[in-house]
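Student: Sharing run-v1.txt, compact mmCIF, C-alpha atoms:
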# COMPACT_ATOMS: atom_id res chain seq x y z
CA MET A 1 0.00 0.00 0.00
CA MET A 2 1.31 3.44 -1.06
CA GLY A 3 4.22 1.77 -2.85
CA SER A 4 4.76 -0.48 -5.86
CA GLY A 5 6.06 -3.90 -6.81
CA ARG A 6 9.48 -2.30 -7.23
CA ALA A 7 9.85 -2.43 -3.45
CA PHE A 8 10.95 -6.03 -3.99
CA ASP A 9 13.68 -5.14 -6.51
CA PRO A 10 16.45 -5.12 -3.87
CA MET A 11 15.38 -8.55 -2.67
CA ALA A 12 15.27 -9.88 -6.22
CA ARG A 13 18.80 -8.67 -6.91
CA ARG A 14 20.17 -10.14 -3.68
CA LEU A 15 18.54 -13.52 -4.24
CA GLY A 16 20.50 -13.74 -7.49
CA GLY A 17 18.03 -15.84 -9.45
CA LYS A 18 17.61 -18.54 -6.79
CA VAL A 19 13.87 -18.20 -7.27
CA ASP A 20 11.59 -16.60 -9.85
CA LEU A 21 9.82 -13.64 -8.27
CA THR A 22 6.56 -12.14 -9.48
CA ALA A 23 5.57 -8.84 -7.85
CA PHE A 24 2.74 -6.62 -9.02
CA ASP A 25 1.53 -3.08 -8.43
CA LEU A 26 -1.67 -3.01 -6.39
CA PRO A 27 -4.72 -1.49 -8.08
CA SER A 28 -4.43 2.33 -8.08
CA HIS A 29 -0.68 2.00 -7.51
CA GLY A 30 2.30 2.25 -9.85
CA ARG A 31 1.31 1.26 -13.37
CA SER A 32 -1.85 -0.60 -12.39
CA GLU A 33 -5.27 0.71 -13.30
CA ALA A 34 -7.35 2.59 -10.74
CA TRP A 35 -9.43 0.38 -8.48
CA ARG A 36 -13.16 0.59 -8.98
CA PRO A 37 -15.46 -1.49 -6.77
CA ALA A 38 -17.28 -4.08 -8.87
CA GLY A 39 -19.83 -6.66 -7.92
CA GLY A 40 -19.56 -5.93 -4.22
CA GLU A 41 -15.89 -6.91 -4.17
CA ASP A 42 -13.79 -5.01 -1.63
CA TYR A 43 -10.19 -3.90 -2.19
CA HIS A 44 -8.65 -6.79 -0.23
CA THR A 45 -10.57 -9.29 -2.31
CA THR A 46 -9.51 -7.62 -5.56
CA VAL A 47 -5.84 -7.81 -4.55
CA THR A 48 -6.26 -11.42 -3.42
CA ARG A 49 -7.91 -12.36 -6.71
CA ILE A 50 -5.07 -10.79 -8.72
CA ALA A 51 -2.45 -12.58 -6.62
CA GLU A 52 -4.29 -15.89 -6.91
CA GLY A 53 -4.26 -15.55 -10.69
CA LEU A 54 -0.45 -15.40 -10.62
CA LEU A 55 0.08 -18.55 -8.54
CA GLY A 56 0.29 -21.02 -11.41
CA THR A 57 -0.28 -24.74 -10.95
CA GLY A 58 2.59 -25.88 -8.75
CA PRO A 59 3.36 -25.22 -5.08
CA VAL A 60 4.46 -21.61 -4.56
CA ASP A 61 6.41 -19.54 -2.08
CA LEU A 62 4.28 -16.64 -0.86
CA ILE A 63 6.05 -13.49 0.32
CA GLY A 64 4.01 -10.52 1.48
CA HIS A 65 4.66 -7.26 3.32
CA SER A 66 2.07 -5.23 5.26
CA LEU A 67 -1.25 -5.49 3.38
CA GLY A 68 0.45 -7.99 1.09
CA GLY A 69 1.23 -10.13 4.11
CA THR A 70 -2.46 -10.40 4.91
CA VAL A 71 -3.20 -11.30 1.28
CA ALA A 72 -0.53 -14.01 1.34
CA LEU A 73 -2.00 -15.39 4.55
CA ARG A 74 -5.51 -15.34 3.09
CA LEU A 75 -4.31 -17.31 0.08
CA ALA A 76 -2.49 -19.82 2.28
CA VAL A 77 -5.56 -20.39 4.46
CA ALA A 78 -7.82 -20.77 1.41
CA ALA A 79 -5.61 -23.31 -0.37
CA PRO A 80 -2.84 -24.64 1.92
CA GLN A 81 -2.09 -27.47 -0.50
CA ARG A 82 -0.86 -24.94 -3.08
CA VAL A 83 1.70 -23.36 -0.76
CA ARG A 84 5.33 -24.47 -0.40
CA SER A 85 6.39 -21.75 2.05
CA VAL A 86 5.06 -18.49 3.47
CA THR A 87 6.96 -15.35 4.45
CA LEU A 88 4.93 -12.67 6.22
CA ILE A 89 6.72 -9.37 6.77
CA GLU A 90 4.85 -7.09 9.16
CA PRO A 91 1.37 -8.40 8.20
CA VAL A 92 -1.18 -5.80 9.32
CA LEU A 93 -3.97 -8.17 10.30
CA PHE A 94 -5.09 -6.06 13.26
CA ALA A 95 -7.91 -8.46 14.09
CA ALA A 96 -5.23 -10.86 15.36
CA SER A 97 -4.11 -8.39 18.02
CA ARG A 98 -5.52 -7.58 21.45
CA SER A 99 -5.51 -3.81 21.00
CA GLY A 100 -6.40 -3.49 17.31
CA HIS A 101 -5.39 -0.64 15.04
CA ALA A 102 -5.14 2.36 17.33
CA LEU A 103 -5.45 4.79 14.40
CA ASP A 104 -8.80 3.55 13.08
CA ASN A 105 -11.00 6.10 14.83
CA GLU A 106 -8.61 9.01 14.29
CA LEU A 107 -8.23 8.29 10.59
CA ALA A 108 -11.98 7.87 10.15
CA ALA A 109 -12.63 11.19 11.90
CA LEU A 110 -10.11 13.04 9.75
CA ALA A 111 -11.57 11.51 6.60
CA ALA A 112 -15.11 12.46 7.64
CA ALA A 113 -13.89 16.04 8.08
CA GLY A 114 -12.29 16.01 4.63
CA GLU A 115 -8.80 16.24 6.13
CA MET A 116 -7.17 13.64 3.90
CA GLU A 117 -3.71 15.19 4.03
CA ALA A 118 -3.79 15.15 7.83
CA ALA A 119 -4.93 11.52 7.66
CA ALA A 120 -2.03 10.65 5.34
CA ARG A 121 0.43 12.40 7.65
CA LEU A 122 -0.87 10.47 10.65
CA PHE A 123 -0.92 7.13 8.83
CA LEU A 124 2.61 7.49 7.51
CA SER A 125 3.93 8.68 10.87
CA VAL A 126 3.21 5.16 12.17
CA TRP A 127 3.31 2.90 9.12
CA GLY A 128 5.58 4.77 6.72
CA ALA A 129 9.30 4.89 6.15
CA PRO A 130 11.53 7.02 8.44
CA GLY A 131 10.59 10.68 8.13
CA GLY A 132 6.96 9.90 7.32
CA PHE A 133 4.94 12.18 5.05
CA LYS A 134 7.37 15.10 5.10
CA ALA A 135 10.22 12.95 3.80
CA LEU A 136 8.34 12.11 0.60
CA PRO A 137 8.81 14.08 -2.62
CA CYS A 138 5.87 16.36 -3.37
CA SER A 139 4.53 14.02 -6.06
CA LEU A 140 4.47 11.10 -3.64
CA GLN A 141 2.88 13.22 -0.93
CA GLN A 142 0.01 13.95 -3.28
CA ALA A 143 -0.25 10.27 -4.21
CA ALA A 144 -0.39 9.33 -0.52
CA VAL A 145 -3.27 11.76 0.05
CA GLU A 146 -5.13 10.36 -2.95
CA LEU A 147 -4.66 6.78 -1.72
CA MET A 148 -5.93 7.37 1.82
CA PRO A 149 -9.50 6.33 0.92
CA LEU A 150 -8.13 2.88 0.02
CA VAL A 151 -6.33 2.65 3.36
CA LEU A 152 -9.63 3.38 5.08
CA GLU A 153 -11.47 0.94 2.81
CA THR A 154 -9.36 -1.97 4.06
CA ASP A 155 -10.41 -1.48 7.68
CA ALA A 156 -13.12 -4.16 7.56
CA ALA A 157 -10.70 -6.70 6.10
CA LEU A 158 -7.81 -5.95 8.45
CA SER A 159 -9.45 -4.92 11.72
CA ALA A 160 -12.69 -6.90 11.53
CA ASP A 161 -11.39 -9.89 9.51
CA VAL A 162 -14.55 -9.98 7.40
CA HIS A 163 -12.91 -12.57 5.15
CA GLY A 164 -12.32 -15.05 7.97
CA ILE A 165 -8.57 -15.43 7.75
CA LEU A 166 -8.59 -16.16 11.48
CA ARG A 167 -11.50 -18.61 11.33
CA PRO A 168 -11.21 -21.73 13.50
CA GLY A 169 -8.94 -24.31 11.92
CA GLY A 170 -7.82 -22.02 9.09
CA LEU A 171 -4.31 -21.11 10.23
CA GLU A 172 -3.84 -24.57 11.73
CA ALA A 173 -4.25 -26.11 8.26
CA VAL A 174 -1.25 -24.20 6.84
CA ALA A 175 1.48 -26.81 7.27
CA ALA A 176 4.01 -25.03 5.04
CA PRO A 177 7.07 -23.52 6.75
CA THR A 178 6.14 -19.96 7.68
CA LEU A 179 8.52 -17.12 8.54
CA LEU A 180 7.18 -14.12 10.47
CA ILE A 181 9.42 -11.04 10.16
CA ALA A 182 9.08 -7.84 12.18
CA GLY A 183 11.08 -4.67 12.59
CA ALA A 184 12.29 -4.19 16.16
CA GLU A 185 11.03 -0.61 16.19
CA SER A 186 7.65 -1.32 14.64
CA PRO A 187 4.46 -0.40 16.58
CA ALA A 188 3.75 -2.70 19.52
CA VAL A 189 0.60 -4.03 17.88
CA MET A 190 2.80 -5.95 15.43
CA ASP A 191 4.14 -8.16 18.22
CA GLU A 192 0.57 -8.93 19.24
CA ILE A 193 -0.31 -9.91 15.67
CA LEU A 194 2.73 -12.14 15.29
CA ASP A 195 2.17 -13.72 18.70
CA THR A 196 -1.27 -14.85 17.55
CA LEU A 197 -0.06 -16.12 14.20
CA ALA A 198 2.94 -17.93 15.66
CA ALA A 199 0.74 -19.66 18.23
CA ARG A 200 -1.66 -21.00 15.60
CA LEU A 201 0.49 -21.69 12.52
CA PRO A 202 1.92 -25.20 13.05
CA ASN A 203 5.30 -24.62 11.35
CA ALA A 204 6.11 -20.99 12.11
CA GLN A 205 9.36 -19.25 13.03
CA ARG A 206 9.86 -15.61 14.00
CA ALA A 207 12.63 -13.16 13.19
CA THR A 208 13.19 -9.55 14.20
CA VAL A 209 15.37 -7.07 12.31
CA PRO A 210 17.16 -4.68 14.70
CA ARG A 211 16.78 -0.90 14.29
CA ALA A 212 14.03 -1.39 11.70
CA GLY A 213 10.41 -0.29 11.55
CA HIS A 214 7.40 -1.30 9.50
CA MET A 215 9.07 -0.62 6.15
CA VAL A 216 11.83 -3.10 6.92
CA PRO A 217 12.04 -4.71 3.44
CA VAL A 218 12.72 -1.25 1.97
CA THR A 219 15.00 0.13 4.68
CA HIS A 220 16.86 -3.12 5.50
CA PRO A 221 16.77 -5.22 2.30
CA THR A 222 20.05 -7.02 3.03
CA GLU A 223 18.87 -8.34 6.40
CA VAL A 224 15.41 -9.26 5.12
CA THR A 225 16.76 -11.02 2.05
CA ALA A 226 19.13 -13.08 4.18
CA LEU A 227 16.20 -14.21 6.31
CA VAL A 228 14.10 -15.01 3.25
CA ALA A 229 16.94 -16.92 1.58
CA GLY A 230 17.46 -19.02 4.67
CA HIS A 231 13.75 -19.70 4.91
CA LEU A 232 13.50 -20.74 1.27
CA GLY A 233 16.36 -23.17 1.89
CA ARG A 234 14.38 -24.67 4.77
CA ARG A 235 11.23 -25.41 2.82
Once more with this new file: its structure as structure tokens, please.
Tutor:
Amino acid sequence: MMGSGRAFDPMARRLGGKVDLTAFDLPSHGRSEAWRPAGGEDYHTTVTRIAEGLLGTGPVDLIGHSLGGTVALRLAVAAPQRVRSVTLIEPVLFAASRSGHALDNELAALAAAGEMEAAARLFLSVWGAPGGFKALPCSLQQAAVELMPLVLETDAALSADVHGILRPGGLEAVAAPTLLIAGAESPAVMDEILDTLAARLPNAQRATVPRAGHMVPVTHPTEVTALVAGHLGRR
């Protein structure tokens, strides 16, 4: 969210062709077309459907960051037999935490008041790269403001788990080796999320990248790629 598939370029280069990687721009991001709700499908379902269409026929290694981590987990729960390994980097499935997404009400209030730039500043101060909104070039600041409605649209999927990722027996059926990666300086809610996932996924391991926050695959690609490479060798 608020990025592009190019965020995985550093990982692709460091893996040196050990695996074939397919990364895509989310709808309304990068070179993808703008997202338009169709047939009652929410944004999370649209992204999941696109990702599912790229899986192919054989077992796959799913790697997802942030929103993408929740999509990867949704795919794994829906079809565990198609998954060879799972890597979840800071998956923002707030429904798995005790405290939930502390920004939900504040962001909703700002949006209701038409203060989308203030909402983007607040969102990126917690879930963005170091420096937050003010560190972005002007063009990306404007893009972040324009994308805030999509951030708000995912609330039901991430905070209320309307798609049942956490349904009884769902995570327990994912037997594939699963790596849960967090940044040591990420918001405390991330530890709560990963605690829940680690307790229920039968073959899960955790890793923490020191001095990193939520955008760890972008800010610390060397450390993250080393963890991913080791995990892929374990599968």
Student: Find the residues around region 91-99 of chain A up to 12 Å (only C-alpha atoms counted), leave out those fewer than 4 positions away in its own chain, and share them as an MDAnalysis selection string.
Tutor: chainID A and resid 1 44 63:74 86:87 103:104 127 151 154:167 171 179:183 186:200 214:216
Student: CA of Ala143 (chain A) to CA of Gly131 (chain A): how many Å, to one decimal?
Tutor: 16.4 Å
Student: Which residue, A:Ala23, A:Val224, A:Glu115, A:Arg234, has the smallest gap to Ile89 (chain A) when you use all atoms listed in the file?
Tutor: A:Val224
Student: Pick out the closest residue to Gly56 (chain A) from this set: A:Val83, A:Ala229, A:Ala34, A:Val145. Count all atoms listed in the file.
Tutor: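 Of A:Val83, A:Ala229, A:Ala34, A:Val145, the one nearest Gly56 (chain A) is A:Val83, counting all atoms listed in the file.
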Student: Rank A:Ala108, A:Met116, A:Met148, A:Ala76 by their smallest atom-to-atom distance to Ala176 (chain A), using all atoms listed in the file, and report the top residue only.
Tutor: A:Ala76
Student: Point out the residue among A:Leu232, A:Val77, A:Ala129, A:Leu152 with the least atom-to-atom distance to His101 (chain A), counting only C-alpha atoms.
Tutor: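 Looking at the shortest contact to His101 (chain A), the residue is A:Leu152.
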Student: Between CA of Val47 (chain A) and CA of Phe24 (chain A), measure the distance and give it in Å to one decimal.
Tutor: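 Rounded to one decimal, the two atoms are 9.7 Å apart.
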Student: Using all atoms listed in the file, which protein or nucleic acid residues come within 9 Å of Arg121 (chain A)? Drop anything in the same chain fewer than 2 positions from it, and give the result as a list in words.
Tutor: Met116, Glu117, Ala118, Ala119, Phe123, Leu124, Ser125, Val126, Gly132, Phe133, Lys134, Gln141, Ala144 and Val145 of chain A
Student: Please compute the CA of Met11 (chain A)-CA of Val209 (chain A) distance, one decimal, in Å.
Tutor: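 For CA of Met11 (chain A) relative to CA of Val209 (chain A), the distance reads 15.1 Å.
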